[in-house]
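Following: one structure in structure tokens, then a few remarks.
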Amino acid sequence: MKQFLTLNDLPDFDAQVALAKEIKSNPYQYEQVGRRKTLGLLFFNPSLRTRLSTQKAGRLLGMDVMVMNFSNEAWAIEYEDGTIMEGLRSEHVKEAAQVVSQYCDVVGIRAFASLTDKEKDEEEQVLQKFIEHANMPILNMESATAHPLQALADALTLKELSLPKRPKVVLTWAPHPKALPHAVGNSFTRMMQHMDADFVIANPEGYDLDKRITKDIPVLHNQDEALKNADVVYAKNWCSYEHYGQILKTDNTWMLTPDKMALTNNASFMHCLPIRRNVVVTDGVLDHPTSRVIQQANNRTFAAAAVLKTLLS
Ligand code: CP
């Protein structure tokens with residue numbers, strides 16, 4: 001595997017989840033794999049889990065880790081070729097990527113969607129320009145359209161739950177005051193296509209995800225209907241894909257509440273975090289013993305370690 005941009009890059013999805021599980025059972029067993037190798041983590045957007053868990057994953061493999069936050073620590077980067085760089089951007093990606101390549105053996109990049117230009121977001125310009133000009137593996141730490149490290153961690157979490165043989169898993173849209181990207185919803189959907197489950201997506205009208213990703217997965221516009229007998233409920237907000245970047249629904253009727261969860265088969269509640277309490281989900285659901293959000297965050301470390309190990313080999 002030369003890059004990890006989406007789950008489709010994995011040579012073997014099941015083997016990767018199994019490797020994450022194996023590393024979790026004995027975290028330092030591959031401590032020699034990354035010895036004298038350097039992991040660079042470049043953040044163009046904020047993070048808590050990804051930043052800390054990926055650093056920890058690198059250290060489990062014996063790597064040195066360097067982190068840079070581009071919002072306040074680095075020169076602003078220009079990505080367009082042939083630009084007269086008279087504005088605020090001081091450094092071109094052509095030099096930046098080559099320079100970083102000299103210091104690092106693997107580089108992780110977080111670069112969210114702008115949500116103003118669908119075509120440009122789907123080009124994944126930041127990742128693609130680094131790939132074009134760098135000569136080392138690139139690890140997607142959440143891009144405009146994908147968050148595969150989160151999805152891999154979520155797969156590990158699902159495998160750890162005591163679920164029926166073919167569980168019903170519901171990815172449900174939930175309210176949020178800000179327009180959020182589609183990356184988590186896209187990658188969770190891609191991941192569920194590898195699982196033996198009855199997978200359903202629930203979202204209001206106008207919020208259907210990219211059909212090239214959802215394919216023939218059932219999409220319901222009635223949340224209560226979708227939640228009936230669910231074994232797992234994964235909540236996430238995203239803005240409209242069709243009316244790109246827009247918020248179409250502002251009421252809280254899709255917030256996850258104990259009444260909504262009562263429709264399920266005592267479902268596990270999942271969310272990638274961060275989460276706005278009593279906006280996306282009520283305290284009663286998030287603090288309930290069936291909430292798996294902390295377990296999911298823990299699994300980020302082992303998913304990242306598994307991917308780094310595969311990239312290094
Ligand atoms: N879930 C997730 O990616 O969290 P952070 O944005 O804090 O990294």
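Following the order of the structure tokens, first chain is A, next is B, and so on, with residues numbered from 1 inside each chain and ligands from 1 in the order they appear.
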
Go through chain A residue by residue and, counting only C-alpha atoms and all ligand atoms, keep those with an atom at most 7 Å from ligand 1; for each kept residue give the shortest atom pair and its distance in Å to one decimal, ordered by chain and increasing number, as CSV.
```
residue,atom,partner,partner_atom_place_in_ligand_line,distance
A:Pro46,CA,ligand 1,6 (O),6.4
A:Ser47,CA,ligand 1,8 (O),3.8
A:Leu48,CA,ligand 1,7 (O),3.5
A:Arg49,CA,ligand 1,8 (O),3.9
A:Thr50,CA,ligand 1,8 (O),3.6
A:Arg51,CA,ligand 1,8 (O),5.9
A:Glu142,CA,ligand 1,3 (O),6.9
A:Gln150,CA,ligand 1,1 (N),6.3
A:Cys272,CA,ligand 1,1 (N),4.4
A:Leu273,CA,ligand 1,1 (N),4.8
A:Pro274,CA,ligand 1,4 (O),5.9
```

Segment 24-132 of chain A residues near segment 180-190 of chain A within 8 Å, closest pair each, using only C-alpha atoms, as a Markdown table:
```
| residue | atom | partner | partner_atom | distance |
| --- | --- | --- | --- | --- |
| A:Phe112 | CA | A:Pro181 | CA | 7.5 |
| A:Ala113 | CA | A:Pro181 | CA | 6.2 |
| A:Leu115 | CA | A:Pro181 | CA | 6.9 |
```

Residues within 7 Å of Gln3 of chain A, please, as a VMD selection string. Count only C-alpha atoms; anything in the same chain fewer than 3 positions from it doesn't count.
chain A and resid 9 137 to 139

Neighbouring residues of segment 287-298 of chain A were defined as those with any atom within 8 Å, considering only C-alpha atoms; residues of the same chain fewer than 2 positions away were excluded. Please report them as an MDAnalysis selection string.
chainID A and resid 49 53 153:154 157 266:273 283:285 300:302

Same residues, all heavy atoms, output as a compact mmCIF listing (two decimals), in the first residue's frame:
```
# COMPACT_ATOMS: atom_id res chain seq x y z
N ARG A 49 -8.62 13.80 18.82
CA ARG A 49 -8.41 12.36 18.71
C ARG A 49 -7.38 11.99 17.65
O ARG A 49 -6.47 11.19 17.92
CB ARG A 49 -9.74 11.65 18.38
CG ARG A 49 -10.64 11.45 19.57
CD ARG A 49 -12.09 11.61 19.18
NE ARG A 49 -12.32 13.01 18.86
CZ ARG A 49 -12.66 13.92 19.78
NH1 ARG A 49 -12.90 13.57 21.00
NH2 ARG A 49 -12.80 15.21 19.46
N SER A 53 -4.07 10.23 18.86
CA SER A 53 -4.05 8.77 18.61
C SER A 53 -3.04 8.40 17.53
O SER A 53 -2.39 7.35 17.60
CB SER A 53 -5.44 8.25 18.25
OG SER A 53 -5.87 8.78 17.01
N ALA A 153 -11.33 2.33 12.75
CA ALA A 153 -11.53 2.23 14.20
C ALA A 153 -12.97 1.82 14.51
O ALA A 153 -13.23 1.01 15.41
CB ALA A 153 -11.21 3.55 14.87
N ASP A 154 -13.91 2.36 13.74
CA ASP A 154 -15.32 2.01 13.95
C ASP A 154 -15.58 0.54 13.61
O ASP A 154 -16.38 -0.13 14.27
CB ASP A 154 -16.23 2.91 13.11
CG ASP A 154 -16.17 4.37 13.57
OD1 ASP A 154 -15.79 4.60 14.74
OD2 ASP A 154 -16.48 5.25 12.76
N THR A 157 -14.47 -1.40 16.54
CA THR A 157 -15.47 -1.27 17.62
C THR A 157 -16.67 -2.17 17.36
O THR A 157 -17.14 -2.88 18.26
CB THR A 157 -15.92 0.21 17.75
OG1 THR A 157 -14.76 1.02 17.91
CG2 THR A 157 -16.86 0.40 18.93
N ASN A 266 -32.23 -2.08 21.99
CA ASN A 266 -31.23 -1.70 23.00
C ASN A 266 -29.88 -1.43 22.32
O ASN A 266 -28.82 -1.93 22.72
CB ASN A 266 -31.08 -2.83 24.05
CG ASN A 266 -30.32 -2.36 25.29
OD1 ASN A 266 -30.38 -1.18 25.65
ND2 ASN A 266 -29.59 -3.25 25.92
N ALA A 267 -29.93 -0.58 21.29
CA ALA A 267 -28.78 -0.40 20.41
C ALA A 267 -27.59 0.26 21.08
O ALA A 267 -27.74 1.11 21.97
CB ALA A 267 -29.19 0.45 19.21
N SER A 268 -26.41 -0.12 20.62
CA SER A 268 -25.20 0.63 20.96
C SER A 268 -25.25 1.95 20.23
O SER A 268 -25.65 2.01 19.05
CB SER A 268 -23.96 -0.14 20.50
OG SER A 268 -23.77 -1.28 21.30
N PHE A 269 -24.81 3.01 20.92
CA PHE A 269 -24.77 4.34 20.30
C PHE A 269 -23.33 4.68 19.93
O PHE A 269 -22.43 4.55 20.75
CB PHE A 269 -25.31 5.41 21.26
CG PHE A 269 -25.22 6.79 20.69
CD1 PHE A 269 -26.17 7.25 19.79
CD2 PHE A 269 -24.16 7.63 21.01
CE1 PHE A 269 -26.07 8.51 19.22
CE2 PHE A 269 -24.05 8.89 20.45
CZ PHE A 269 -25.01 9.33 19.56
N MET A 270 -23.13 5.09 18.69
CA MET A 270 -21.77 5.42 18.23
C MET A 270 -21.74 6.83 17.62
O MET A 270 -22.73 7.29 17.03
CB MET A 270 -21.27 4.40 17.19
CG MET A 270 -21.10 3.00 17.76
SD MET A 270 -20.58 1.76 16.54
CE MET A 270 -18.90 2.24 16.17
N HIS A 271 -20.62 7.50 17.79
CA HIS A 271 -20.37 8.81 17.16
C HIS A 271 -18.85 9.00 17.16
O HIS A 271 -18.16 8.59 18.10
CB HIS A 271 -21.05 9.93 17.95
CG HIS A 271 -20.99 11.26 17.27
ND1 HIS A 271 -19.86 12.05 17.28
CD2 HIS A 271 -21.92 11.93 16.54
CE1 HIS A 271 -20.10 13.15 16.58
NE2 HIS A 271 -21.34 13.11 16.12
N CYS A 272 -18.34 9.64 16.14
CA CYS A 272 -16.88 9.78 16.02
C CYS A 272 -16.28 10.78 16.99
O CYS A 272 -15.08 10.74 17.24
CB CYS A 272 -16.53 10.18 14.58
SG CYS A 272 -17.25 11.76 14.10
N LEU A 273 -17.10 11.68 17.54
CA LEU A 273 -16.65 12.79 18.39
C LEU A 273 -15.79 13.76 17.58
O LEU A 273 -15.13 13.32 16.65
CB LEU A 273 -15.88 12.30 19.63
CG LEU A 273 -16.61 11.33 20.57
CD1 LEU A 273 -15.71 10.99 21.77
CD2 LEU A 273 -17.95 11.89 21.06
N ASP A 283 -27.93 14.15 26.72
CA ASP A 283 -27.04 13.58 27.75
C ASP A 283 -27.45 12.15 28.07
O ASP A 283 -26.60 11.28 28.28
CB ASP A 283 -27.14 14.40 29.05
CG ASP A 283 -26.50 15.78 28.92
OD1 ASP A 283 -25.64 15.96 28.04
OD2 ASP A 283 -26.90 16.68 29.70
N GLY A 284 -28.77 11.92 28.11
CA GLY A 284 -29.29 10.61 28.51
C GLY A 284 -28.81 9.48 27.60
O GLY A 284 -28.61 8.36 28.05
N VAL A 285 -28.62 9.78 26.32
CA VAL A 285 -28.13 8.76 25.37
C VAL A 285 -26.62 8.65 25.46
O VAL A 285 -26.05 7.55 25.54
CB VAL A 285 -28.56 9.10 23.92
CG1 VAL A 285 -27.96 8.11 22.93
CG2 VAL A 285 -30.08 9.13 23.80
N ARG A 300 -9.05 4.34 17.80
CA ARG A 300 -8.34 5.13 16.79
C ARG A 300 -6.84 4.83 16.80
O ARG A 300 -6.19 4.78 15.77
CB ARG A 300 -8.59 6.63 17.03
CG ARG A 300 -10.02 7.10 16.77
CD ARG A 300 -10.38 7.03 15.31
NE ARG A 300 -9.40 7.71 14.51
CZ ARG A 300 -9.41 9.02 14.25
NH1 ARG A 300 -10.41 9.76 14.68
NH2 ARG A 300 -8.47 9.59 13.50
N THR A 301 -6.28 4.65 18.00
CA THR A 301 -4.84 4.38 18.12
C THR A 301 -4.47 3.10 17.38
O THR A 301 -3.49 3.06 16.62
CB THR A 301 -4.46 4.23 19.60
OG1 THR A 301 -4.76 5.46 20.27
CG2 THR A 301 -2.98 3.90 19.77
N PHE A 302 -5.25 2.06 17.57
CA PHE A 302 -4.88 0.74 17.04
C PHE A 302 -5.16 0.66 15.53
O PHE A 302 -4.42 0.00 14.80
CB PHE A 302 -5.58 -0.36 17.85
CG PHE A 302 -5.37 -0.13 19.33
CD1 PHE A 302 -6.40 0.29 20.15
CD2 PHE A 302 -4.08 -0.23 19.86
CE1 PHE A 302 -6.18 0.57 21.49
CE2 PHE A 302 -3.85 0.05 21.20
CZ PHE A 302 -4.90 0.46 22.02
```

So that each row is one residue of segment 109-189 of chain A with an atom at most 10 Å from segment 216-219 of chain A, can you give its shortest atom pair and the distance in Å to one decimal, using only C-alpha atoms, rows by chain and rising number, as CSV?
```
residue,atom,partner,partner_atom,distance
A:Val170,CA,A:Val219,CA,9.9
A:Leu171,CA,A:Val219,CA,9.5
A:Thr172,CA,A:Val219,CA,9.7
A:Thr189,CA,A:Ile217,CA,8.7
```

Would you mind listing what lies within 8 Å of segment 65-69 of chain A as an MDAnalysis selection string, with only C-alpha atoms counted and same-chain residues fewer than 4 positions away left out?
chainID A and resid 38:45 55 58:59 73:74

Using only C-alpha atoms, which residues sit within 9 Å of Leu163 of chain A once same-chain residues fewer than 5 positions away are excluded, as number ranges by chain?
A: 158, 231-232

Writing out the chosen residues with C-alpha atoms as a PDB file, in the first residue's frame:
```
ATOM      1  CA  LEU A 158     -18.292  -3.049  15.782  1.00  0.00           C
ATOM      2  CA  ASP A 231     -28.625  -3.011  17.044  1.00  0.00           C
ATOM      3  CA  VAL A 232     -26.267  -0.104  16.424  1.00  0.00           C
TER       4      VAL A 232
END
```

Have a look at A:Gly108, A:Phe199, A:Ile275, A:Glu78 and name the one nearest to His92 of chain A; count only C-alpha atoms.
A:Glu78

The residue from A:Ile23, A:Val33, A:Leu5, A:Leu10 with the smallest atom-to-atom distance to Met63 of chain A, counting only C-alpha atoms, is A:Val33

For Val17 of chain A, work out the shell of residues within 7 Å, counting only C-alpha atoms and skipping chain neighbours fewer than 6 positions away, then give it as number ranges by chain.
A: 152, 155-156
